[in-house]
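> What follows is the file structure.txt, containing compact mmCIF, C-alpha atoms:
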```
# COMPACT_ATOMS: atom_id res chain seq x y z
CA MET F 7 16.76 9.16 -19.56
CA ASN F 8 13.22 10.37 -18.87
CA ALA F 9 11.40 8.89 -15.91
CA VAL F 10 8.49 6.61 -16.72
CA ASN F 11 5.08 8.23 -16.31
CA TYR F 12 3.39 5.39 -14.43
CA GLN F 13 0.12 7.28 -14.22
CA LYS F 14 -0.05 7.31 -18.01
CA VAL F 15 0.95 3.66 -18.19
CA MET F 16 -1.90 2.79 -15.81
CA GLU F 17 -4.42 4.83 -17.76
CA GLU F 18 -3.42 3.11 -21.01
CA LEU F 19 -3.66 -0.32 -19.41
CA ILE F 20 -7.12 0.45 -18.07
CA GLN F 21 -8.22 1.73 -21.47
CA ASN F 22 -6.98 -1.42 -23.18
CA ASN F 23 -8.35 -3.91 -20.66
CA CYS F 24 -11.53 -2.44 -19.23
CA GLY F 25 -14.82 -1.32 -20.70
CA GLU F 26 -17.24 -2.85 -23.20
CA GLY F 27 -18.40 -5.36 -20.63
CA ARG F 28 -14.87 -6.28 -19.49
CA VAL F 29 -14.39 -5.96 -15.72
CA PRO F 30 -11.11 -7.66 -14.76
CA GLU F 31 -10.35 -9.02 -11.29
CA LEU F 32 -7.76 -6.90 -9.47
CA LEU F 33 -5.96 -7.76 -6.24
CA LEU F 34 -5.09 -4.50 -4.50
CA HIS F 35 -2.51 -4.84 -1.76
CA SER F 36 -3.30 -2.20 0.85
CA CYS F 37 -1.07 -0.81 3.59
CA CYS F 38 -3.90 1.03 5.37
CA ALA F 39 -7.38 2.43 4.88
CA PRO F 40 -6.36 6.08 4.31
CA CYS F 41 -3.94 5.13 1.52
CA SER F 42 -6.47 2.76 -0.01
CA SER F 43 -9.27 5.33 -0.11
CA TYR F 44 -8.47 7.10 -3.37
CA CYS F 45 -7.16 3.89 -4.95
CA ILE F 46 -10.47 2.14 -4.29
CA ASP F 47 -12.39 5.20 -5.47
CA LEU F 48 -10.51 5.14 -8.78
CA LEU F 49 -10.07 1.44 -9.45
CA SER F 50 -13.54 0.24 -8.46
CA GLY F 51 -14.89 2.04 -11.51
CA TYR F 52 -13.01 -0.37 -13.79
CA PHE F 53 -12.24 -3.55 -11.84
CA HIS F 54 -13.71 -6.03 -9.42
CA VAL F 55 -11.31 -5.11 -6.62
CA THR F 56 -10.26 -7.38 -3.77
CA VAL F 57 -8.34 -5.48 -1.10
CA PHE F 58 -5.53 -7.67 0.23
CA TYR F 59 -4.43 -6.49 3.66
CA TYR F 60 -1.03 -8.11 4.15
CA ASN F 61 1.26 -6.12 6.45
CA PRO F 62 3.43 -8.22 8.77
CA ASN F 63 5.63 -5.16 9.28
CA ILE F 64 3.06 -3.32 11.42
CA TYR F 65 4.03 -2.78 15.07
CA PRO F 66 2.67 -3.23 17.69
CA PRO F 67 -0.12 -5.83 17.24
CA GLU F 68 -2.73 -3.38 18.56
CA GLU F 69 -1.77 -0.99 15.77
CA TYR F 70 -2.03 -3.75 13.18
CA HIS F 71 -5.52 -4.79 14.27
CA MET F 72 -6.71 -1.18 14.44
CA ARG F 73 -5.56 -0.55 10.87
CA ALA F 74 -7.10 -3.80 9.63
CA ALA F 75 -10.43 -2.91 11.25
CA GLN F 76 -10.36 0.57 9.70
CA GLN F 77 -9.69 -0.96 6.31
CA GLU F 78 -12.62 -3.35 6.52
CA ARG F 79 -14.93 -0.61 7.84
CA PHE F 80 -14.08 1.73 4.98
CA ILE F 81 -14.72 -0.94 2.36
CA GLY F 82 -18.12 -1.62 3.89
CA GLU F 83 -19.12 2.04 3.90
CA TYR F 84 -17.70 3.51 0.70
CA PRO F 85 -20.02 3.61 -2.38
CA VAL F 86 -18.50 1.98 -5.46
CA LYS F 87 -19.53 1.06 -9.00
CA TYR F 88 -18.32 -2.53 -8.78
CA PRO F 89 -18.29 -4.44 -5.47
CA VAL F 90 -15.08 -4.39 -3.43
CA SER F 91 -14.15 -7.30 -1.18
CA PHE F 92 -11.65 -7.72 1.64
CA VAL F 93 -9.07 -10.40 2.38
CA GLU F 94 -6.76 -10.27 5.37
CA GLY F 95 -3.42 -12.00 4.99
CA ARG F 96 -1.44 -13.64 7.76
CA TYR F 97 0.08 -11.40 10.39
CA ASP F 98 3.37 -13.29 10.24
CA THR F 99 5.65 -10.81 11.95
CA GLU F 100 8.55 -13.26 12.18
CA ARG F 101 8.80 -13.17 8.39
CA PHE F 102 9.23 -9.41 8.50
CA TYR F 103 11.90 -9.49 11.22
CA GLN F 104 13.84 -12.15 9.33
CA MET F 105 13.75 -9.92 6.27
CA ALA F 106 14.93 -6.91 8.30
CA GLN F 107 17.96 -8.61 9.83
CA GLY F 108 21.02 -6.48 9.18
CA LEU F 109 18.87 -3.58 7.96
CA GLU F 110 17.64 -2.33 11.32
CA GLN F 111 19.64 0.92 11.14
CA GLU F 112 18.82 1.71 7.52
CA PRO F 113 17.13 5.10 7.13
CA GLU F 114 13.45 5.26 6.35
CA GLY F 115 12.94 5.00 2.60
CA GLY F 116 16.13 2.97 2.08
CA LYS F 117 17.07 -0.68 1.60
CA ARG F 118 14.92 -1.98 4.44
CA CYS F 119 11.84 -0.34 2.97
CA PHE F 120 12.61 -1.72 -0.49
CA ALA F 121 12.89 -5.21 0.98
CA CYS F 122 9.57 -4.64 2.76
CA TYR F 123 7.95 -3.55 -0.50
CA GLU F 124 9.04 -6.82 -2.08
CA LEU F 125 7.96 -8.92 0.90
CA ARG F 126 4.41 -7.63 0.70
CA LEU F 127 4.18 -7.50 -3.07
CA ARG F 128 5.50 -11.06 -3.37
CA GLU F 129 2.74 -12.28 -1.07
CA ALA F 130 0.21 -10.36 -3.16
CA ALA F 131 1.58 -11.81 -6.41
CA GLU F 132 1.40 -15.34 -5.03
CA TYR F 133 -2.15 -14.82 -3.81
CA ALA F 134 -3.15 -13.31 -7.16
CA ARG F 135 -1.73 -16.30 -9.04
CA ASN F 136 -3.29 -18.87 -6.72
CA HIS F 137 -6.72 -17.23 -6.98
CA SER F 138 -6.69 -16.45 -10.73
CA PHE F 139 -6.68 -12.66 -10.59
CA ASP F 140 -6.16 -10.73 -13.81
CA PHE F 141 -3.93 -8.07 -12.21
CA PHE F 142 -2.34 -7.14 -8.92
CA THR F 143 -1.01 -3.84 -7.58
CA THR F 144 -0.48 -1.90 -4.34
CA THR F 145 -1.67 1.29 -2.70
CA LEU F 146 1.87 2.12 -1.55
CA SER F 147 2.63 4.44 -4.47
CA ILE F 148 0.07 6.96 -3.22
CA SER F 149 2.39 8.07 -0.42
CA PRO F 150 4.80 10.93 -1.18
CA LEU F 151 7.25 9.07 1.09
CA LYS F 152 7.23 5.88 -1.00
CA ASN F 153 9.43 5.28 -4.05
CA ALA F 154 6.98 4.67 -6.89
CA ALA F 155 9.71 3.78 -9.39
CA LYS F 156 11.05 1.09 -7.06
CA LEU F 157 7.58 -0.25 -6.36
CA ASN F 158 6.84 -0.56 -10.06
CA GLU F 159 10.21 -2.15 -10.73
CA ILE F 160 9.49 -4.80 -8.10
CA GLY F 161 5.92 -5.26 -9.29
CA GLY F 162 7.01 -5.76 -12.89
CA ARG F 163 9.64 -8.32 -11.90
CA LEU F 164 7.19 -10.27 -9.75
CA ALA F 165 4.61 -10.17 -12.54
CA GLU F 166 7.04 -12.06 -14.77
CA GLU F 167 7.90 -14.50 -11.99
CA TYR F 168 4.31 -15.30 -11.01
CA GLY F 169 2.60 -14.87 -14.37
CA VAL F 170 0.09 -12.24 -13.22
CA PRO F 171 0.23 -8.77 -14.84
CA TYR F 172 1.10 -5.88 -12.53
CA LEU F 173 -0.97 -2.72 -12.73
CA PHE F 174 1.77 -0.09 -12.84
CA SER F 175 0.75 3.01 -10.95
CA ASP F 176 1.69 6.20 -9.21
CA PHE F 177 -1.49 6.95 -7.33
CA LYS F 178 -0.20 10.21 -5.87
CA LYS F 179 -0.42 11.81 -9.33
CA LYS F 180 -3.38 13.98 -10.35
CA GLU F 181 -3.79 14.98 -6.68
CA GLY F 182 -4.43 11.39 -5.66
CA TYR F 183 -2.73 11.84 -2.30
CA LYS F 184 -4.70 15.02 -1.64
CA ARG F 185 -7.92 13.23 -2.46
CA SER F 186 -6.99 10.37 -0.13
CA THR F 187 -6.62 12.80 2.77
CA GLU F 188 -10.02 14.35 1.94
CA ILE F 189 -11.75 10.97 1.88
CA SER F 190 -10.01 10.02 5.12
CA CYS F 191 -11.46 13.09 6.80
CA GLU F 192 -14.92 12.48 5.32
CA TYR F 193 -14.96 8.95 6.77
CA ASP F 194 -13.33 9.90 10.05
CA MET F 195 -10.47 7.45 9.58
CA TYR F 196 -7.68 6.79 12.00
CA ARG F 197 -4.50 8.18 10.43
CA GLN F 198 -1.24 6.82 11.81
CA TYR F 199 1.73 9.10 12.52
CA TYR F 200 4.39 6.60 11.38
CA CYS F 201 4.66 4.23 8.45
CA GLY F 202 4.14 1.04 10.40
CA CYS F 203 7.16 -0.96 11.51
CA VAL F 204 8.99 -0.75 14.83
CA TYR F 205 11.92 0.96 13.11
CA SER F 206 9.80 3.66 11.51
CA LYS F 207 8.09 4.24 14.86
CA ARG F 208 11.49 4.48 16.56
CA ASP F 209 12.74 7.05 14.06
CA ARG F 210 9.52 9.07 14.03
CA ASP F 211 9.38 9.18 17.82
CA ALA F 212 13.00 10.40 17.87
CA GLN F 213 12.11 13.18 15.41
CA ILE F 214 9.18 14.26 17.55
CA ARG F 215 11.31 14.31 20.72
CA ALA F 216 14.04 16.32 19.00
CA LYS F 217 11.51 18.86 17.82
CA GLU F 218 9.99 19.16 21.27
CA GLU F 219 13.44 19.65 22.82
CA ASP F 220 14.50 22.28 20.29
CA PRO F 221 14.54 25.68 22.08
CA SER F 222 13.54 27.42 18.86
CA ASN F 223 10.15 25.68 19.05
CA ARG F 224 9.35 27.17 22.47
```
Could you express the structure from this file as structure tokens?


Amino acid sequence: MNAVNYQKVMEELIQNNCGEGRVPELLLHSCCAPCSSYCIDLLSGYFHVTVFYYNPNIYPPEEYHMRAAQQERFIGEYPVKYPVSFVEGRYDTERFYQMAQGLEQEPEGGKRCFACYELRLREAAEYARNHSFDFFTTTLSISPLKNAAKLNEIGGRLAEEYGVPYLFSDFKKKEGYKRSTEISCEYDMYRQYYCGCVYSKRDRDAQIRAKEEDPSNR
């Protein structure tokens, strides 16, 4: 079975729903400003975008607030065709830790991450329904470390559950990730060295220590 080309699916959806005076309302869940940069650059040419910063997984709180501030700053500075707005969700960390129970030792990119995808996308879907958005989606697929197929599977399922269409995507395609790093440099953004949660920080710190202690690196 051939893998779905989510980039093509997105382009077809945009073609069928945007243009000729139609500018749909899109809720864009964002994990951080650097990942959102290319997504905003692309999507703001077709949609009225509201960036929804909902990330109860981020650890520690200082990191969370730094990322949120970077996100809001970027939105205020970046030139767009259609205005982009910002909404910050609740920083309800207890919800994340309840979700992660029993999954603490899962490797990065595994079951814990999939559950985290759904946690954040579910909140986005609910917000999109309650505020009458035409579509919702997430920036997460821009990362080479994130499973775009799983994200789109979850998004499609939640779209049926909440009654708001999901904008299928794989933003890393067509050098989207490369462009996001370029924009990040242009706007002097803070770029984190770990995904976000305490478990990803734990694992990334262990990798860094192991590399530093490896005699071959001296």

> Can you pull out every residue within 7 Å of region 66-82 of chain F, counting only C-alpha atoms, but drop anything in the same chain fewer than 4 positions away, and send it as a PyMOL selection string?

chain F and resi 38-39+90+92+195

> Contacts between region 61-64 of chain F and region 82-152 of chain F, please, where a residue of region 82-152 of chain F counts if it comes within 8 Å (with only C-alpha atoms); show its shortest atom pair and distance in Å to one decimal, rows by chain and ascending number, as a Markdown table.


```
| residue | atom | partner | partner_atom | distance |
| --- | --- | --- | --- | --- |
| F:Gly95 | CA | F:Asn61 | CA | 7.7 |
| F:Arg96 | CA | F:Pro62 | CA | 7.4 |
| F:Tyr97 | CA | F:Pro62 | CA | 4.9 |
| F:Asp98 | CA | F:Pro62 | CA | 5.3 |
| F:Thr99 | CA | F:Pro62 | CA | 4.7 |
| F:Glu100 | CA | F:Pro62 | CA | 8.0 |
| F:Arg101 | CA | F:Pro62 | CA | 7.3 |
| F:Phe102 | CA | F:Asn63 | CA | 5.6 |
| F:Tyr103 | CA | F:Asn63 | CA | 7.9 |
| F:Cys122 | CA | F:Asn63 | CA | 7.6 |
| F:Arg126 | CA | F:Asn61 | CA | 6.7 |
```

> Rounded to one decimal place, report the CA of Ile148 (chain F)-CA of Glu94 (chain F) distance in Å.

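Computing the Euclidean distance for CA of Ile148 (chain F) and CA of Glu94 (chain F) yields 20.4 Å.
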
> In Å, how far is it from CA of Phe58 (chain F) to CA of Arg210 (chain F)?

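Separating CA of Phe58 (chain F) from CA of Arg210 (chain F) is a distance of 26.4 Å.
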
> In terms of the shortest atom-to-atom distance over all atoms listed in the file, which of F:Ser91, F:Arg185, F:Asp209, F:Thr144 is closest to Leu173 (chain F)?

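Among the listed residues, F:Thr144 lies closest to Leu173 (chain F).
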
> Here's a test: counting only C-alpha atoms, identify every protein, DNA and RNA residue with an atom at most 12 Å from (-15.8, -1.5, -9.2) in the file's coordinate frame, and state them as a ChimeraX atom specification.

/F:24-25,28-32,45-57,81,84-91

> Please measure the separation of CA of Ser206 (chain F) and CA of Arg118 (chain F), giving the value in Å to one decimal.

10.4 Å

> Using the file's own x, y and z axes, so that the box edges lie along x, y and z, what centre and edge lengths in Å (one decimal) does a box around every listed atom of region 175-179 of chain F get when 4 Å is added on each side? Give it as AutoDock Vina command-line options.


```
--center_x 0.1 --center_y 7.4 --center_z -8.4 --size_x 11.2 --size_y 16.8 --size_z 13.1
```

> Using only C-alpha atoms, which residues sit within 6 Å of region 12-20 of chain F once same-chain residues fewer than 4 positions away are excluded, as an MDAnalysis selection string?

chainID F and resid 24 174:176

> Using all atoms listed in the file, find the one residue out of F:Lys184, F:Lys117, F:Lys178, F:Arg163 that sits nearest to Leu146 (chain F).

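Closest candidate: F:Lys178.
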
> From the set F:Leu33, F:Pro150, F:Glu124, F:Ser42, which residue has the shortest atom-to-atom contact distance to Asn136 (chain F), counting only C-alpha atoms?

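Ranking F:Leu33, F:Pro150, F:Glu124, F:Ser42 by distance to Asn136 (chain F), first place goes to F:Leu33.
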
> Rank nothing, just name the residue among F:Leu34, F:Ala106, F:Val10, F:Cys41 nearest to Ile189 (chain F), using only C-alpha atoms.

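The shortest atom-to-atom distance to Ile189 (chain F) comes from F:Cys41.
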